Amino acid sequence: MQLLGDIWNAIIIQPMINSLILLYDVFFNNFGLSIIIFTILVRVVLIPLSIKQARQMKAMTSLQPKLKEIQELYVKDPQKRSKETMRMYKERGVNPIGCLGPFFVQFPIWIGLFWSLRATLPSTPESLASLSSQIYPWLPGINESVPLDSTFLWLDLGSRDPTPILPVLVGVSMFLMQKVTTMPAADPKQASTNRMMLWMMPIMFGFFTTQFESGLALYWVVSNIVGMIIQGFVTGWGP
């Protein structure tokens with residue numbers, strides 16, 4: 001477990017901490033701008049995955065009439081229905097799992113950012129000493145930037161938002177993101193599930209925003225907005 005922790009720290013936490021501090025130093029000692037630019041850079045790096053996801057979703061949408069035919073034809077034979085569905089996916093070069101690629105990549109980034117924010121904004125002398133051990137000594141001017149100013153607009157990015165503004169922004173941006181990316185479903189049960197998730201996910205993440213540092217919520221809002229823009233240019237702005 002110690003080895004896994006060291007690997008996680010070396011490839012996720014430490015690079016994130018140093019990237020955030022470097023961006024803070026470059027962008028006028030503003031930690032909010034640091035998180036926004038960091039989020040945009042992450043999204044830019046993920047553009048190939050996002051394009052692949054968008055194209056897979058577009059292909060899946062075009063297959064919906066055929067999927068409905070298969071479901072109606074083999075309504076009493078689930079095994080045959082599943083086999084024919086997978087055969088059609090293979091023939092058309094569609095991979096349903098491929099639609100989840102950016103989410104699986106972003107999840108460890110979000111977890112890493114959670115711990116990186118806590119490390120980058122130390123609240124005690126002990127945590128400040130721990131932050132010093134995470135900084136790359138070869139980065140110019142990075143030591144002089146510590147400790148960081150965590151204020152941005154009305155927020156303390158190392159604490160929860162005392163207002164409902166950021167939770168609402170997270171919920172609304174996630175709702176719109178899902179509206180753009182959710183595929184139409186031929187199966188009524190799947191369509192019902194999609195409608196439920198369309199409302200549940202924004203509410204759930206909006207609630208999470210009230211429990212965690214506002215810097216994480218800022219990342220999520222910017223990530224959703226940039227994701228919608230990328231999705232719109234690739235597949236259009238409709239659902």
# chains A, B, ... in the order shown; residues from 1 in each chain; ligands from 1
$ closest_atom_pairs --of "range 43-162 of chain A" --to "range 207-211 of chain A" --cutoff "9 Å" --atoms "only C-alpha atoms" --output "Markdown table"
| residue | atom | partner | partner_atom | distance |
| --- | --- | --- | --- | --- |
| A:Arg160 | CA | A:Thr210 | CA | 6.1 |
| A:Asp161 | CA | A:Thr210 | CA | 6.7 |
| A:Pro162 | CA | A:Thr210 | CA | 8.3 |
$ residues_around --residues "Asp156 in chain A" --least-positions-apart "3" --cutoff "12 Å" --atoms "only C-alpha atoms" --output "PyMOL selection string"
chain A and resi 30-32+117+121+148-153+159-163+166+212-218
$ select_by_dssp --residues "range 8-155 of chain A" --states "alpha helix (DSSP H)" --output "ChimeraX atom specification"
/A:8,14-26,31-45,47-62,64-73,78-92,101-120,125-134
$ residues_around --residues "Val221 in chain A" --least-positions-apart "6" --cutoff "7 Å" --atoms "only C-alpha atoms" --output "mmCIF file with N, CA, C and O atoms, in the first residue's frame"
data_model
loop_
_atom_site.group_PDB
_atom_site.id
_atom_site.type_symbol
_atom_site.label_atom_id
_atom_site.label_comp_id
_atom_site.auth_asym_id
_atom_site.auth_seq_id
_atom_site.Cartn_x
_atom_site.Cartn_y
_atom_site.Cartn_z
ATOM 1 N N LEU A 169 -24.431 26.690 -9.386
ATOM 2 C CA LEU A 169 -23.683 26.710 -10.648
ATOM 3 C C LEU A 169 -23.211 25.309 -11.029
ATOM 4 O O LEU A 169 -23.244 24.934 -12.210
ATOM 5 N N VAL A 170 -22.762 24.534 -10.042
ATOM 6 C CA VAL A 170 -22.351 23.154 -10.321
ATOM 7 C C VAL A 170 -23.540 22.346 -10.833
ATOM 8 O O VAL A 170 -23.438 21.635 -11.841
ATOM 9 N N SER A 173 -24.675 23.641 -14.428
ATOM 10 C CA SER A 173 -23.708 23.301 -15.481
ATOM 11 C C SER A 173 -23.699 21.806 -15.752
ATOM 12 O O SER A 173 -23.560 21.371 -16.909
#
$ residues_around --residues "range 13-20 of chain A" --least-positions-apart "6" --cutoff "9 Å" --atoms "only C-alpha atoms" --output "ChimeraX atom specification"
/A:31,34-35,38,109,112-113,115-117,119-120,131,134-136,139,142
$ decode --residues "range 116-195 of chain A" --atoms "C-alpha atoms" --output "PDB file, in the first residue's frame"
ATOM      1  CA  SER A 116      -3.796  18.783  -3.929  1.00  0.00           C
ATOM      2  CA  LEU A 117      -5.970  21.717  -2.884  1.00  0.00           C
ATOM      3  CA  ARG A 118      -5.761  20.657   0.743  1.00  0.00           C
ATOM      4  CA  ALA A 119      -1.983  20.343   0.457  1.00  0.00           C
ATOM      5  CA  THR A 120      -1.544  23.593  -1.485  1.00  0.00           C
ATOM      6  CA  LEU A 121      -3.547  25.646   1.022  1.00  0.00           C
ATOM      7  CA  PRO A 122      -2.004  24.544   4.356  1.00  0.00           C
ATOM      8  CA  SER A 123      -3.799  25.573   7.530  1.00  0.00           C
ATOM      9  CA  THR A 124      -1.117  24.610  10.069  1.00  0.00           C
ATOM     10  CA  PRO A 125       2.691  24.966  10.300  1.00  0.00           C
ATOM     11  CA  GLU A 126       2.971  21.173   9.979  1.00  0.00           C
ATOM     12  CA  SER A 127       1.009  21.103   6.711  1.00  0.00           C
ATOM     13  CA  LEU A 128       3.080  24.057   5.428  1.00  0.00           C
ATOM     14  CA  ALA A 129       6.247  22.050   6.087  1.00  0.00           C
ATOM     15  CA  SER A 130       4.683  19.089   4.273  1.00  0.00           C
ATOM     16  CA  LEU A 131       3.907  21.331   1.290  1.00  0.00           C
ATOM     17  CA  SER A 132       7.559  22.418   1.142  1.00  0.00           C
ATOM     18  CA  SER A 133       8.591  18.792   0.699  1.00  0.00           C
ATOM     19  CA  GLN A 134       6.252  18.458  -2.320  1.00  0.00           C
ATOM     20  CA  ILE A 135       7.610  21.441  -4.263  1.00  0.00           C
ATOM     21  CA  TYR A 136      10.000  20.851  -7.159  1.00  0.00           C
ATOM     22  CA  PRO A 137      13.128  22.855  -6.253  1.00  0.00           C
ATOM     23  CA  TRP A 138      14.038  23.379  -9.911  1.00  0.00           C
ATOM     24  CA  LEU A 139      10.859  25.352 -10.745  1.00  0.00           C
ATOM     25  CA  PRO A 140      11.731  29.101 -10.879  1.00  0.00           C
ATOM     26  CA  GLY A 141      10.158  31.315  -8.227  1.00  0.00           C
ATOM     27  CA  ILE A 142       7.823  28.645  -6.911  1.00  0.00           C
ATOM     28  CA  ASN A 143       9.122  28.745  -3.332  1.00  0.00           C
ATOM     29  CA  GLU A 144       8.498  32.489  -3.129  1.00  0.00           C
ATOM     30  CA  SER A 145       4.802  31.974  -3.954  1.00  0.00           C
ATOM     31  CA  VAL A 146       4.111  29.967  -0.793  1.00  0.00           C
ATOM     32  CA  PRO A 147       1.917  30.484   1.201  1.00  0.00           C
ATOM     33  CA  LEU A 148      -0.818  31.133  -1.361  1.00  0.00           C
ATOM     34  CA  ASP A 149      -3.687  33.601  -1.110  1.00  0.00           C
ATOM     35  CA  SER A 150      -6.832  31.451  -1.348  1.00  0.00           C
ATOM     36  CA  THR A 151      -9.343  34.285  -1.858  1.00  0.00           C
ATOM     37  CA  PHE A 152     -11.179  34.541  -5.194  1.00  0.00           C
ATOM     38  CA  LEU A 153     -14.226  36.766  -5.675  1.00  0.00           C
ATOM     39  CA  TRP A 154     -16.390  36.011  -2.594  1.00  0.00           C
ATOM     40  CA  LEU A 155     -14.762  32.610  -2.036  1.00  0.00           C
ATOM     41  CA  ASP A 156     -12.087  31.125   0.139  1.00  0.00           C
ATOM     42  CA  LEU A 157     -11.041  28.342  -2.233  1.00  0.00           C
ATOM     43  CA  GLY A 158      -9.774  26.216   0.640  1.00  0.00           C
ATOM     44  CA  SER A 159     -13.167  26.293   2.381  1.00  0.00           C
ATOM     45  CA  ARG A 160     -16.800  25.625   1.527  1.00  0.00           C
ATOM     46  CA  ASP A 161     -18.830  28.290  -0.240  1.00  0.00           C
ATOM     47  CA  PRO A 162     -20.893  30.055   2.467  1.00  0.00           C
ATOM     48  CA  THR A 163     -23.534  30.934  -0.170  1.00  0.00           C
ATOM     49  CA  PRO A 164     -25.664  28.681  -2.416  1.00  0.00           C
ATOM     50  CA  ILE A 165     -24.180  30.282  -5.563  1.00  0.00           C
ATOM     51  CA  LEU A 166     -21.458  27.746  -6.348  1.00  0.00           C
ATOM     52  CA  PRO A 167     -23.585  24.637  -5.588  1.00  0.00           C
ATOM     53  CA  VAL A 168     -26.272  26.015  -7.917  1.00  0.00           C
ATOM     54  CA  LEU A 169     -23.683  26.710 -10.648  1.00  0.00           C
ATOM     55  CA  VAL A 170     -22.351  23.154 -10.321  1.00  0.00           C
ATOM     56  CA  GLY A 171     -25.861  21.689 -10.550  1.00  0.00           C
ATOM     57  CA  VAL A 172     -26.940  23.843 -13.509  1.00  0.00           C
ATOM     58  CA  SER A 173     -23.708  23.301 -15.481  1.00  0.00           C
ATOM     59  CA  MET A 174     -23.898  19.543 -14.916  1.00  0.00           C
ATOM     60  CA  PHE A 175     -27.571  19.484 -15.963  1.00  0.00           C
ATOM     61  CA  LEU A 176     -26.742  21.303 -19.211  1.00  0.00           C
ATOM     62  CA  MET A 177     -23.706  19.092 -19.800  1.00  0.00           C
ATOM     63  CA  GLN A 178     -25.863  15.987 -19.472  1.00  0.00           C
ATOM     64  CA  LYS A 179     -28.526  17.448 -21.768  1.00  0.00           C
ATOM     65  CA  VAL A 180     -25.873  17.855 -24.461  1.00  0.00           C
ATOM     66  CA  THR A 181     -24.223  14.463 -23.969  1.00  0.00           C
ATOM     67  CA  THR A 182     -27.049  12.049 -23.041  1.00  0.00           C
ATOM     68  CA  MET A 183     -27.988   9.734 -25.907  1.00  0.00           C
ATOM     69  CA  PRO A 184     -31.640   9.168 -26.839  1.00  0.00           C
ATOM     70  CA  ALA A 185     -32.717   5.704 -25.699  1.00  0.00           C
ATOM     71  CA  ALA A 186     -34.912   3.317 -27.686  1.00  0.00           C
ATOM     72  CA  ASP A 187     -35.758   1.303 -24.582  1.00  0.00           C
ATOM     73  CA  PRO A 188     -38.464   3.017 -22.452  1.00  0.00           C
ATOM     74  CA  LYS A 189     -36.819   1.769 -19.257  1.00  0.00           C
ATOM     75  CA  GLN A 190     -33.460   3.217 -20.314  1.00  0.00           C
ATOM     76  CA  ALA A 191     -35.136   6.480 -21.296  1.00  0.00           C
ATOM     77  CA  SER A 192     -36.749   6.642 -17.849  1.00  0.00           C
ATOM     78  CA  THR A 193     -33.352   5.962 -16.217  1.00  0.00           C
ATOM     79  CA  ASN A 194     -31.751   8.707 -18.310  1.00  0.00           C
ATOM     80  CA  ARG A 195     -34.396  11.203 -17.219  1.00  0.00           C
TER      81      ARG A 195
END
